[in-house]
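The structure under discussion appears below in the form of C-alpha cells.
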Amino acid sequence: MPNRLSRFALLLLLAATAAGAATPADQIYRHGRIFTADSDNRVVEAIAIRKGRLVYVGDDAGVAAFVGARTKVHDLAGGFAMPGLVDGHMHPMEGGVRSIGCNLTYDPLTVAQFQARLQKCLDADSAHEPDGWLEATNWFQQALQPSGTVAHKSMLDALKTRRPIIVRDAFGHTVLANSRALAAAHISRASEDPPGGRINRDAAGEPNGLLEDSAHAVFGTLIPPLTPREYEAAARAALAEMAAQGLTTVLDADTPEHAMRAFQAVHKAGGLTLRMHFAAEMAIADMQNPAAAIKRVLDLRAKYDGGPIGVKPGLTLRNAKFYIDGVISGPAFTGAMLEPYLVNAGTADAPRWVPGTSRGPEPYYAVGPLADLMTRLGRAGIDPHLHVDGDRAVRTGLDAVAILRANLPGQDVRVAFAHNEIVHPDDFGRFRSLGVYPVLSMQWEKPAPDTVDQTRDYFGPARFAILEPGGFLAKAGAPIAYGSDWPVDALNEWFALKVGITRENDPSAGPAYAGRLGDDPGLTPLQALRAITIMAARQLHCDEAVGSLEVGKLADMAVLDRDPLTIDPHEIAHVKVLATVVGGKTVYRAH
C-alpha cells in the first residue's frame with residue numbers, strides 16, 4: 001500500500017508539474033524561508049506568481065516547473081519572506097498630516113521643553129501672526145516631566161504669540177488649548193460638558209485648557225482645513241511610510257470624508273500602494289435616528305468602495321467605527337471602568353490609595369441602542385469596529401454583540417474591539433464565544449509613563465496585573481488581531497510585535513520602565529505574526545484574498561532581513577523590511 005500511494009502521489013506531482021510548465025509564472029521567489037501563515041503555518045522554500053496571484057507555494061524543486069523564458073527569478077539566498085503585513089486599526093491620513101505640521105514626536109518633555117518646542121513652531125511660522133491657528137500634534141501628555149505634572153492653559157498663554165493654540169495629545173482623546181482658543185470656541189465657566197466629553201476645570205471652576213473627547217470637537221469647525229492638494233500630499237506621505245514597514249493592507253479606523261476623497265484621488269492617479277479599508281464613524285447622536293445613520297454609511301460606501309478586492313490595490317468601505325469610551329490612563333481617566341479609579345487619600349510621601357468616586361464616564365452608547373445600530377449595520381454588510389479601553393466599555397460592547405448574534409444568527413458579521421487595555425477576567429472567554437476580534441495595539445503592552453506612572457496606582461495591584469491582556473485573551477481562545485493605532489504612536493510595527501511577545505520596553509527607556517508589564521504571559525512569535533497577517537485579514541473580512549501565502553491568493557508579501565520566528569524575540573524590534581510586494585508588484589525596496 002505505501003508503494004502504491006507513493007506512486008500515485010508521484011503521478012499527481014508529475015501532472016501538476018506538466019501543467020505548471022505549460023504556463024510559466026511571471027515571477028518566482030526561491031531559495032528562502034517563506035512563512036505562509038496558512039492553517040498549518042508552513043514555512044516553504046519558494047512561491048510562483050502569475051498575473052498578481054500565487055500559483056505555487058512549496059519547495060524549490062517544484063517551483064522549477066514554473067520558470068519560463070520571461071519569468072523573473074528572485075533568489076532569496078536563504079532569506080525570509082512572509083505575507084504582507086495587515087494593520088487592522090490605524091489612522092493613516094492623520095499620520096500623514098502630522099508628519100508635515102508642528103510635531104512634538106511623542107517625546108517626554110519638561111514644561112520648559114514643551115514650551116520651547118511650541119515656540120520654535122511659532123517662530124518658524126510667524127506669517128500667521130496674530131490670528132492664525134497653531135495646531136501641534138504627537139504630544140505624549142502622560143510623559144510630561146516631572147512625573148505627575150498636569151498641563152494647564154497657562155503653559156500656552158506664556159508663549160510669545162497672540163495666536164490661538166491647541167496641542168493634541170498622541171492618543172487623540174485630549175486637547176490642551178490656550179485662553180484665546182478657548183474663547184474662540186466659546187468654552188467658559190458656564191459651559192456644560194457635552195455628551196461623550198469633558199471640560200476639565202481648576203479649583204475655581206474655570207476651564208483649565210484640557211478638553212477630553214467630544215469637548216474638543218468644536219475646533220474641527222474653527223481651524224481652517226487643509227486644501228485637497230495638501231490632503232493628497234499627506235496621503236502620499238502616509239503611503240510611503242506604510243510601504244517601508246511591509247504593510248500591504250490597512251484599516252483607516254474612523255475615516256473622515258476628506259481622507260476618503262484624498263486617497264481616492266491618489267488611487268485614480270495610480271499612486272495607491274496598498275489595500276485601504278475605510279471605516280465610517282458612528283456618532284453618539286446616531287442612537288436617536290439609526291435609519292439615517294445607516295443610510296449615511298451606505299451612501300459613503302456607494303461613493304468610495306471600489307468593489308471586490310483585486311490584484312491592483314484599491315479602496316473598500318465595509319466597516320463602521322464606534323467610540324464606547326476614552327482612555328484609561330491619567331490624567332484623562334476617560335476609560336469606562338467597572339470599579340472606581342483609586343485616589344490618594346494620603347500624601348505624596350505617604351500615599352494611601354483608596355477607591356474614589358469616579359468610574360470614568362458612562363459608556364458613550366447604551367447596550368440596547370448600540371446593539372440596534374450594530375444589527376442594522378451587520379444586516380447591510382457593514383462590520384462594526386468598536387473603540388473600547390476600559391473593562392466596562394468592553395463589557396458593554398460584548399453585551400451588545402450578544403444581542404447582535406441573537407438578531408442575526410448565522411450571519412458572518414465580523415465585530416472588532418480595538419485596544420481592550422483592561423478586560424475583566426470574566427470576559428476573557430466571551431471574545432471567543434461571541435466571535436469578537438480583539439485588535440491589540442501591542443506597543444502599549446510594556447512599562448511606560450502611560451502604563452506605570454499614570455495607571456498603576458490608580459488601578460491597584462489586581463487590575464494592574466492584568467493590564468493589556470493580550471496573552472490572557474489568546475490563552476482564552478480569542479482571535480487576536482493587530483492594529484497599531486498609528487499615529488497615536490510612531491509607526492514601528494516590528495517594535496510593537498516585539499513588545500507583544502516580551503512585554504518589555506526598549507532598554508533606552510531607562511530603569512524606571514525596565515522589566516515586564518504585569519502578569520500577562522504575552523504572545524508567542526507565531527501568534528504575533530499571525531495577528532498581523534491572517535488574523536487581521538479575517539477581522540477585515542478579506543482573508544479570502546490576502547493575509548496568507550496560498551495558491552489562488554493575491555501575491556502580497558514582505559521580504560525581511562531576518563527571521564522573526566527563529567531569532568531572539570527582543571531582536572524582532574530591529575527587523576528591517578527589504579521589499580514590499582502588492583499584487584506581485586514591488587512597491588518598496590530598501591536602499
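In the C-alpha cells, chains take the letters A, B, ... in the order shown, each chain's residues start at 1, and ligands count up from 1 in the order shown.
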
Spatial neighbours of region 362-364 of chain A, max dist 6 Å, only C-alpha atoms, sep filter under 6 positions, as a PyMOL selection string: chain A and resi 196+324-325+336+393

Would you mind exporting all heavy atoms of the selected residues as a short mmCIF file (atom, residue, chain, number, x, y, z; two decimals), in the first residue's frame?
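Ended up saving to part.cif:
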data_model
loop_
_atom_site.label_atom_id
_atom_site.label_comp_id
_atom_site.auth_asym_id
_atom_site.auth_seq_id
_atom_site.Cartn_x
_atom_site.Cartn_y
_atom_site.Cartn_z
N GLY A 196 -20.37 62.60 25.84
CA GLY A 196 -19.16 61.94 25.39
C GLY A 196 -17.90 62.78 25.50
O GLY A 196 -16.92 62.51 24.80
N ILE A 324 -16.73 53.80 22.38
CA ILE A 324 -17.53 53.45 23.55
C ILE A 324 -17.02 54.18 24.79
O ILE A 324 -17.77 54.39 25.74
CB ILE A 324 -17.55 51.93 23.77
CG1 ILE A 324 -17.92 51.22 22.46
CG2 ILE A 324 -18.54 51.55 24.87
CD1 ILE A 324 -19.25 51.63 21.88
N ASP A 325 -15.75 54.56 24.81
CA ASP A 325 -15.19 55.34 25.93
C ASP A 325 -13.95 56.05 25.44
O ASP A 325 -13.70 56.13 24.22
CB ASP A 325 -14.92 54.46 27.16
CG ASP A 325 -13.82 53.43 26.95
OD1 ASP A 325 -13.43 53.17 25.79
OD2 ASP A 325 -13.32 52.88 27.96
N ALA A 336 -14.11 53.83 30.59
CA ALA A 336 -15.26 53.42 31.40
C ALA A 336 -14.91 52.15 32.17
O ALA A 336 -14.62 51.12 31.58
CB ALA A 336 -16.48 53.18 30.50
N ALA A 393 -16.44 49.42 29.30
CA ALA A 393 -16.70 49.61 27.87
C ALA A 393 -16.66 48.27 27.14
O ALA A 393 -17.49 47.99 26.27
CB ALA A 393 -15.68 50.57 27.28
#

Tell me which protein, DNA and RNA residues are within 10 Å of Tyr323 (chain A), counting only C-alpha atoms, leaving out same-chain ones fewer than 2 positions away, and put them as an mmCIF file with all heavy atoms, in the first residue's frame.
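And here is the file that came out, part_31.cif:
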data_model
loop_
_atom_site.group_PDB
_atom_site.id
_atom_site.type_symbol
_atom_site.label_atom_id
_atom_site.label_comp_id
_atom_site.auth_asym_id
_atom_site.auth_seq_id
_atom_site.Cartn_x
_atom_site.Cartn_y
_atom_site.Cartn_z
ATOM 1 N N GLY A 196 -20.369 62.596 25.843
ATOM 2 C CA GLY A 196 -19.156 61.936 25.388
ATOM 3 C C GLY A 196 -17.900 62.776 25.496
ATOM 4 O O GLY A 196 -16.922 62.511 24.797
ATOM 5 N N ASP A 213 -12.164 64.190 24.590
ATOM 6 C CA ASP A 213 -13.056 63.596 23.600
ATOM 7 C C ASP A 213 -13.942 64.635 22.912
ATOM 8 O O ASP A 213 -13.428 65.587 22.345
ATOM 9 C CB ASP A 213 -13.856 62.451 24.238
ATOM 10 C CG ASP A 213 -12.960 61.229 24.497
ATOM 11 O OD1 ASP A 213 -12.065 60.979 23.685
ATOM 12 O OD2 ASP A 213 -13.156 60.545 25.508
ATOM 13 N N ASP A 254 -11.950 55.020 11.340
ATOM 14 C CA ASP A 254 -12.603 56.308 11.588
ATOM 15 C C ASP A 254 -12.097 57.285 10.536
ATOM 16 O O ASP A 254 -11.270 58.145 10.821
ATOM 17 C CB ASP A 254 -12.350 56.828 13.004
ATOM 18 C CG ASP A 254 -12.952 58.211 13.247
ATOM 19 O OD1 ASP A 254 -13.713 58.680 12.381
ATOM 20 O OD2 ASP A 254 -12.653 58.819 14.286
ATOM 21 N N GLU A 281 -17.318 56.775 10.703
ATOM 22 C CA GLU A 281 -17.565 56.967 12.140
ATOM 23 C C GLU A 281 -19.054 57.016 12.437
ATOM 24 O O GLU A 281 -19.833 57.658 11.727
ATOM 25 C CB GLU A 281 -16.916 58.248 12.643
ATOM 26 C CG GLU A 281 -17.105 58.418 14.153
ATOM 27 C CD GLU A 281 -16.541 59.715 14.710
ATOM 28 O OE1 GLU A 281 -15.906 60.465 13.948
ATOM 29 O OE2 GLU A 281 -16.748 59.984 15.911
ATOM 30 N N MET A 282 -19.434 56.342 13.519
ATOM 31 C CA MET A 282 -20.781 56.447 14.057
ATOM 32 C C MET A 282 -20.764 57.482 15.177
ATOM 33 O O MET A 282 -19.877 57.460 16.032
ATOM 34 C CB MET A 282 -21.251 55.097 14.586
ATOM 35 C CG MET A 282 -21.187 53.970 13.572
ATOM 36 S SD MET A 282 -22.196 54.245 12.089
ATOM 37 C CE MET A 282 -23.849 54.139 12.792
ATOM 38 N N ALA A 283 -21.726 58.383 15.172
ATOM 39 C CA ALA A 283 -21.809 59.428 16.185
ATOM 40 C C ALA A 283 -22.751 58.997 17.305
ATOM 41 O O ALA A 283 -23.653 58.176 17.103
ATOM 42 C CB ALA A 283 -22.313 60.728 15.561
ATOM 43 N N ILE A 284 -22.527 59.542 18.486
ATOM 44 C CA ILE A 284 -23.394 59.230 19.616
ATOM 45 C C ILE A 284 -24.844 59.591 19.300
ATOM 46 O O ILE A 284 -25.782 58.867 19.657
ATOM 47 C CB ILE A 284 -22.907 59.969 20.876
ATOM 48 C CG1 ILE A 284 -21.507 59.493 21.252
ATOM 49 C CG2 ILE A 284 -23.866 59.753 22.040
ATOM 50 C CD1 ILE A 284 -20.847 60.296 22.345
ATOM 51 N N LYS A 321 -17.127 52.648 12.694
ATOM 52 C CA LYS A 321 -16.374 52.809 13.929
ATOM 53 C C LYS A 321 -17.231 53.454 15.009
ATOM 54 O O LYS A 321 -17.858 54.490 14.812
ATOM 55 C CB LYS A 321 -15.146 53.693 13.651
ATOM 56 C CG LYS A 321 -14.374 54.171 14.863
ATOM 57 C CD LYS A 321 -13.605 53.032 15.515
ATOM 58 C CE LYS A 321 -12.732 53.542 16.645
ATOM 59 N NZ LYS A 321 -11.651 54.426 16.193
ATOM 60 N N ASP A 325 -15.748 54.559 24.815
ATOM 61 C CA ASP A 325 -15.191 55.337 25.934
ATOM 62 C C ASP A 325 -13.946 56.045 25.439
ATOM 63 O O ASP A 325 -13.702 56.132 24.220
ATOM 64 C CB ASP A 325 -14.924 54.457 27.164
ATOM 65 C CG ASP A 325 -13.816 53.428 26.949
ATOM 66 O OD1 ASP A 325 -13.434 53.166 25.785
ATOM 67 O OD2 ASP A 325 -13.315 52.879 27.957
ATOM 68 N N GLY A 326 -13.148 56.572 26.396
ATOM 69 C CA GLY A 326 -11.944 57.310 26.048
ATOM 70 C C GLY A 326 -10.686 56.504 26.323
ATOM 71 O O GLY A 326 -10.455 55.460 25.715
ATOM 72 N N PRO A 363 -20.484 54.634 29.542
ATOM 73 C CA PRO A 363 -20.198 54.272 28.143
ATOM 74 C C PRO A 363 -20.990 55.176 27.202
ATOM 75 O O PRO A 363 -22.153 55.492 27.450
ATOM 76 C CB PRO A 363 -20.643 52.811 28.063
ATOM 77 C CG PRO A 363 -20.450 52.297 29.464
ATOM 78 C CD PRO A 363 -20.826 53.448 30.358
ATOM 79 N N TYR A 364 -20.333 55.598 26.125
ATOM 80 C CA TYR A 364 -20.949 56.589 25.250
ATOM 81 C C TYR A 364 -22.198 56.060 24.549
ATOM 82 O O TYR A 364 -23.028 56.841 24.066
ATOM 83 C CB TYR A 364 -19.934 57.068 24.215
ATOM 84 C CG TYR A 364 -18.700 57.729 24.808
ATOM 85 C CD1 TYR A 364 -17.510 57.790 24.094
ATOM 86 C CD2 TYR A 364 -18.719 58.295 26.083
ATOM 87 C CE1 TYR A 364 -16.383 58.394 24.625
ATOM 88 C CE2 TYR A 364 -17.604 58.898 26.634
ATOM 89 C CZ TYR A 364 -16.428 58.943 25.889
ATOM 90 O OH TYR A 364 -15.307 59.533 26.417
ATOM 91 N N TYR A 365 -22.337 54.735 24.456
ATOM 92 C CA TYR A 365 -23.541 54.105 23.915
ATOM 93 C C TYR A 365 -24.103 53.160 24.969
ATOM 94 O O TYR A 365 -23.347 52.413 25.605
ATOM 95 C CB TYR A 365 -23.241 53.282 22.659
ATOM 96 C CG TYR A 365 -22.812 54.082 21.458
ATOM 97 C CD1 TYR A 365 -21.497 54.526 21.322
ATOM 98 C CD2 TYR A 365 -23.715 54.386 20.441
ATOM 99 C CE1 TYR A 365 -21.095 55.252 20.219
ATOM 100 C CE2 TYR A 365 -23.330 55.112 19.329
ATOM 101 C CZ TYR A 365 -22.010 55.546 19.220
ATOM 102 O OH TYR A 365 -21.625 56.269 18.122
ATOM 103 N N HIS A 385 -16.803 48.131 14.309
ATOM 104 C CA HIS A 385 -15.443 48.222 14.850
ATOM 105 C C HIS A 385 -15.509 49.177 16.039
ATOM 106 O O HIS A 385 -15.794 50.364 15.871
ATOM 107 C CB HIS A 385 -14.500 48.754 13.769
ATOM 108 C CG HIS A 385 -13.053 48.681 14.124
ATOM 109 N ND1 HIS A 385 -12.220 47.697 13.640
ATOM 110 C CD2 HIS A 385 -12.276 49.472 14.900
ATOM 111 C CE1 HIS A 385 -11.001 47.886 14.099
ATOM 112 N NE2 HIS A 385 -11.007 48.962 14.865
ATOM 113 N N LEU A 386 -15.277 48.673 17.257
ATOM 114 C CA LEU A 386 -15.514 49.445 18.482
ATOM 115 C C LEU A 386 -14.209 49.808 19.173
ATOM 116 O O LEU A 386 -13.342 48.942 19.369
ATOM 117 C CB LEU A 386 -16.376 48.637 19.468
ATOM 118 C CG LEU A 386 -17.887 48.613 19.267
ATOM 119 C CD1 LEU A 386 -18.272 48.057 17.896
ATOM 120 C CD2 LEU A 386 -18.556 47.812 20.372
ATOM 121 N N HIS A 387 -14.082 51.076 19.549
ATOM 122 C CA HIS A 387 -13.017 51.511 20.458
ATOM 123 C C HIS A 387 -13.484 51.226 21.877
ATOM 124 O O HIS A 387 -14.495 51.781 22.335
ATOM 125 C CB HIS A 387 -12.744 53.002 20.287
ATOM 126 C CG HIS A 387 -11.905 53.602 21.373
ATOM 127 N ND1 HIS A 387 -10.627 54.063 21.147
ATOM 128 C CD2 HIS A 387 -12.144 53.825 22.696
ATOM 129 C CE1 HIS A 387 -10.127 54.535 22.279
ATOM 130 N NE2 HIS A 387 -11.034 54.395 23.246
ATOM 131 N N VAL A 388 -12.754 50.340 22.586
ATOM 132 C CA VAL A 388 -13.059 50.041 23.990
ATOM 133 C C VAL A 388 -11.740 50.012 24.759
ATOM 134 O O VAL A 388 -10.852 49.243 24.447
ATOM 135 C CB VAL A 388 -13.810 48.695 24.144
ATOM 136 C CG1 VAL A 388 -15.233 48.817 23.628
ATOM 137 C CG2 VAL A 388 -13.104 47.554 23.419
ATOM 138 N N ASP A 389 -11.622 50.851 25.754
ATOM 139 C CA ASP A 389 -10.398 50.909 26.553
ATOM 140 C C ASP A 389 -10.601 50.301 27.937
ATOM 141 O O ASP A 389 -9.815 49.493 28.395
ATOM 142 C CB ASP A 389 -9.923 52.357 26.688
ATOM 143 C CG ASP A 389 -8.560 52.578 26.073
ATOM 144 O OD1 ASP A 389 -8.292 51.987 25.015
ATOM 145 O OD2 ASP A 389 -7.765 53.342 26.651
ATOM 146 N N ALA A 393 -16.440 49.417 29.300
ATOM 147 C CA ALA A 393 -16.699 49.606 27.872
ATOM 148 C C ALA A 393 -16.657 48.271 27.145
ATOM 149 O O ALA A 393 -17.492 47.993 26.269
ATOM 150 C CB ALA A 393 -15.683 50.574 27.277
ATOM 151 N N ALA A 418 -11.198 47.336 19.379
ATOM 152 C CA ALA A 418 -9.843 47.874 19.367
ATOM 153 C C ALA A 418 -9.391 48.246 20.772
ATOM 154 O O ALA A 418 -10.159 48.795 21.558
ATOM 155 C CB ALA A 418 -9.766 49.102 18.463
#

Do you know which residues are at most 12 Å from Pro461 (chain A) counting only C-alpha atoms, after dropping those on the same chain fewer than 6 positions away, and could you put them as a VMD selection string? chain A and resid 342 353 to 354 452 455 467 517 to 519

Step one, run DSSP on the backbone; step two, keep only residues of region 240-286 of chain A assigned to alpha helix (DSSP H); then write them as number ranges by chain. A: 240-244, 257-268

Residue among A:Ile572, A:Leu578, A:Asp107, A:Gly148 lying closest to Asp457 (chain A), counting only C-alpha atoms: A:Gly148

Hey, which bits of region 58-101 of chain A sit within 12 Å of region 267-276 of chain A, and for each residue what's the closest pair of atoms and how far apart in Å (one decimal), counting only C-alpha atoms, rows by chain and increasing number, as a Markdown table?
| residue | atom | partner | partner_atom | distance |
| --- | --- | --- | --- | --- |
| A:Gly84 | CA | A:Leu274 | CA | 9.7 |
| A:Leu85 | CA | A:Leu274 | CA | 10.2 |
| A:Val86 | CA | A:Arg275 | CA | 9.2 |
| A:Asp87 | CA | A:Met276 | CA | 10.1 |
| A:Gly88 | CA | A:Met276 | CA | 10.4 |
| A:His89 | CA | A:Met276 | CA | 11.2 |
| A:Met90 | CA | A:Met276 | CA | 10.8 |
| A:His91 | CA | A:Met276 | CA | 11.0 |
| A:Pro92 | CA | A:Met276 | CA | 9.6 |
| A:Met93 | CA | A:Met276 | CA | 11.2 |

List every residue of region 23-246 of chain A that DSSP, applied to the backbone of this structure, places in strand (DSSP E or B), and write the result as number ranges by chain. A: 27-30, 33-35, 43-44, 46-50, 53-58, 72-75, 80-83, 85-90, 102-103, 110, 134-139, 145, 165-169, 174-177, 197-201, 207-213

Report as a list in words all protein, DNA and RNA residues lying within 7 Å of Tyr437 (chain A), evaluated on only C-alpha atoms, omitting residues in the same chain fewer than 3 positions from it. Val415, Ala416, Phe417, Phe431, Ala478, Pro479, Ile480, Ala481 and Gln539 of chain A

Would you put the residues from that selection into a file with all heavy atoms, as a PDB file, in the first residue's frame?
ATOM      1  N   VAL A 415     -17.076  41.396  14.094  1.00  0.00           N
ATOM      2  CA  VAL A 415     -17.013  42.512  15.038  1.00  0.00           C
ATOM      3  C   VAL A 415     -15.599  42.597  15.603  1.00  0.00           C
ATOM      4  O   VAL A 415     -15.018  41.594  16.032  1.00  0.00           O
ATOM      5  CB  VAL A 415     -18.023  42.330  16.178  1.00  0.00           C
ATOM      6  CG1 VAL A 415     -17.979  43.528  17.119  1.00  0.00           C
ATOM      7  CG2 VAL A 415     -19.429  42.130  15.627  1.00  0.00           C
ATOM      8  N   ALA A 416     -15.052  43.796  15.618  1.00  0.00           N
ATOM      9  CA  ALA A 416     -13.715  44.023  16.163  1.00  0.00           C
ATOM     10  C   ALA A 416     -13.793  44.988  17.332  1.00  0.00           C
ATOM     11  O   ALA A 416     -14.539  45.972  17.285  1.00  0.00           O
ATOM     12  CB  ALA A 416     -12.787  44.584  15.088  1.00  0.00           C
ATOM     13  N   PHE A 417     -13.024  44.686  18.392  1.00  0.00           N
ATOM     14  CA  PHE A 417     -12.862  45.588  19.536  1.00  0.00           C
ATOM     15  C   PHE A 417     -11.404  46.053  19.547  1.00  0.00           C
ATOM     16  O   PHE A 417     -10.495  45.233  19.729  1.00  0.00           O
ATOM     17  CB  PHE A 417     -13.155  44.863  20.862  1.00  0.00           C
ATOM     18  CG  PHE A 417     -14.597  44.657  21.182  1.00  0.00           C
ATOM     19  CD1 PHE A 417     -15.599  44.812  20.228  1.00  0.00           C
ATOM     20  CD2 PHE A 417     -14.974  44.296  22.474  1.00  0.00           C
ATOM     21  CE1 PHE A 417     -16.934  44.610  20.546  1.00  0.00           C
ATOM     22  CE2 PHE A 417     -16.302  44.094  22.802  1.00  0.00           C
ATOM     23  CZ  PHE A 417     -17.289  44.241  21.841  1.00  0.00           C
ATOM     24  N   PHE A 431     -14.856  36.711  24.180  1.00  0.00           N
ATOM     25  CA  PHE A 431     -14.383  37.097  22.850  1.00  0.00           C
ATOM     26  C   PHE A 431     -14.498  35.901  21.900  1.00  0.00           C
ATOM     27  O   PHE A 431     -14.969  36.023  20.768  1.00  0.00           O
ATOM     28  CB  PHE A 431     -12.945  37.601  22.913  1.00  0.00           C
ATOM     29  CG  PHE A 431     -12.812  39.001  23.431  1.00  0.00           C
ATOM     30  CD1 PHE A 431     -12.814  39.262  24.795  1.00  0.00           C
ATOM     31  CD2 PHE A 431     -12.682  40.065  22.561  1.00  0.00           C
ATOM     32  CE1 PHE A 431     -12.692  40.550  25.273  1.00  0.00           C
ATOM     33  CE2 PHE A 431     -12.562  41.367  23.023  1.00  0.00           C
ATOM     34  CZ  PHE A 431     -12.571  41.611  24.387  1.00  0.00           C
ATOM     35  N   ALA A 478      -9.319  33.763  22.185  1.00  0.00           N
ATOM     36  CA  ALA A 478      -9.773  34.912  21.402  1.00  0.00           C
ATOM     37  C   ALA A 478      -8.996  34.983  20.091  1.00  0.00           C
ATOM     38  O   ALA A 478      -7.794  34.698  20.052  1.00  0.00           O
ATOM     39  CB  ALA A 478      -9.587  36.205  22.197  1.00  0.00           C
ATOM     40  N   PRO A 479      -9.641  35.394  19.006  1.00  0.00           N
ATOM     41  CA  PRO A 479      -8.962  35.505  17.703  1.00  0.00           C
ATOM     42  C   PRO A 479      -8.157  36.808  17.614  1.00  0.00           C
ATOM     43  O   PRO A 479      -8.627  37.814  17.086  1.00  0.00           O
ATOM     44  CB  PRO A 479     -10.114  35.471  16.699  1.00  0.00           C
ATOM     45  CG  PRO A 479     -11.273  36.052  17.447  1.00  0.00           C
ATOM     46  CD  PRO A 479     -11.098  35.644  18.887  1.00  0.00           C
ATOM     47  N   ILE A 480      -6.943  36.787  18.137  1.00  0.00           N
ATOM     48  CA  ILE A 480      -6.131  38.003  18.272  1.00  0.00           C
ATOM     49  C   ILE A 480      -5.746  38.571  16.912  1.00  0.00           C
ATOM     50  O   ILE A 480      -5.166  37.890  16.067  1.00  0.00           O
ATOM     51  CB  ILE A 480      -4.843  37.712  19.068  1.00  0.00           C
ATOM     52  CG1 ILE A 480      -5.160  37.094  20.430  1.00  0.00           C
ATOM     53  CG2 ILE A 480      -4.019  38.988  19.221  1.00  0.00           C
ATOM     54  CD1 ILE A 480      -5.888  37.994  21.379  1.00  0.00           C
ATOM     55  N   ALA A 481      -6.048  39.847  16.708  1.00  0.00           N
ATOM     56  CA  ALA A 481      -5.601  40.592  15.530  1.00  0.00           C
ATOM     57  C   ALA A 481      -4.774  41.778  16.004  1.00  0.00           C
ATOM     58  O   ALA A 481      -4.713  42.087  17.196  1.00  0.00           O
ATOM     59  CB  ALA A 481      -6.785  41.043  14.686  1.00  0.00           C
ATOM     60  N   GLN A 539     -10.296  39.646  10.377  1.00  0.00           N
ATOM     61  CA  GLN A 539     -11.041  40.729  11.016  1.00  0.00           C
ATOM     62  C   GLN A 539     -11.591  41.689   9.967  1.00  0.00           C
ATOM     63  O   GLN A 539     -12.724  42.175  10.094  1.00  0.00           O
ATOM     64  CB  GLN A 539     -10.124  41.462  11.992  1.00  0.00           C
ATOM     65  CG  GLN A 539     -10.676  42.765  12.529  1.00  0.00           C
ATOM     66  CD  GLN A 539      -9.655  43.883  12.484  1.00  0.00           C
ATOM     67  OE1 GLN A 539      -8.470  43.669  12.685  1.00  0.00           O
ATOM     68  NE2 GLN A 539     -10.110  45.087  12.213  1.00  0.00           N
TER      69      GLN A 539
END

Given only C-alpha atoms as the counted atoms, nearest of A:Ala184, A:Ala371, A:Leu404, A:Ala143 to Pro331 (chain A):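 That would be A:Ala143, the residue with the smallest distance to Pro331 (chain A).
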
For Met557 (chain A), list every protein, DNA or RNA residue within 12 Å, evaluated using only C-alpha atoms, and leave out those in the same chain fewer than 5 positions away; present the list as a VMD selection string. chain A and resid 29 34 to 37 47 49 52 to 54 80 to 86 243 245 to 249 274 533 546 to 550 577 to 588

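Within the 9 Å cut-off around Asp372 (chain A), using only C-alpha atoms and omitting residues fewer than 5 positions from it on the same chain, the listed residues are Met287, Pro290, Val367, Leu377, Ala400, Ile403 and Leu404 of chain A.
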
Pick out the residues sitting within 9 Å of Ala170 (chain A), and hand them over as a list in words; count only C-alpha atoms, and ignore anything fewer than 4 positions along from it in its own chain.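 In the requested format, the answer is Thr105, Tyr106, Thr137, Asn138, Trp139, Phe140, Gln141, Thr174, Pro487, Val488 and Asp489 of chain A.
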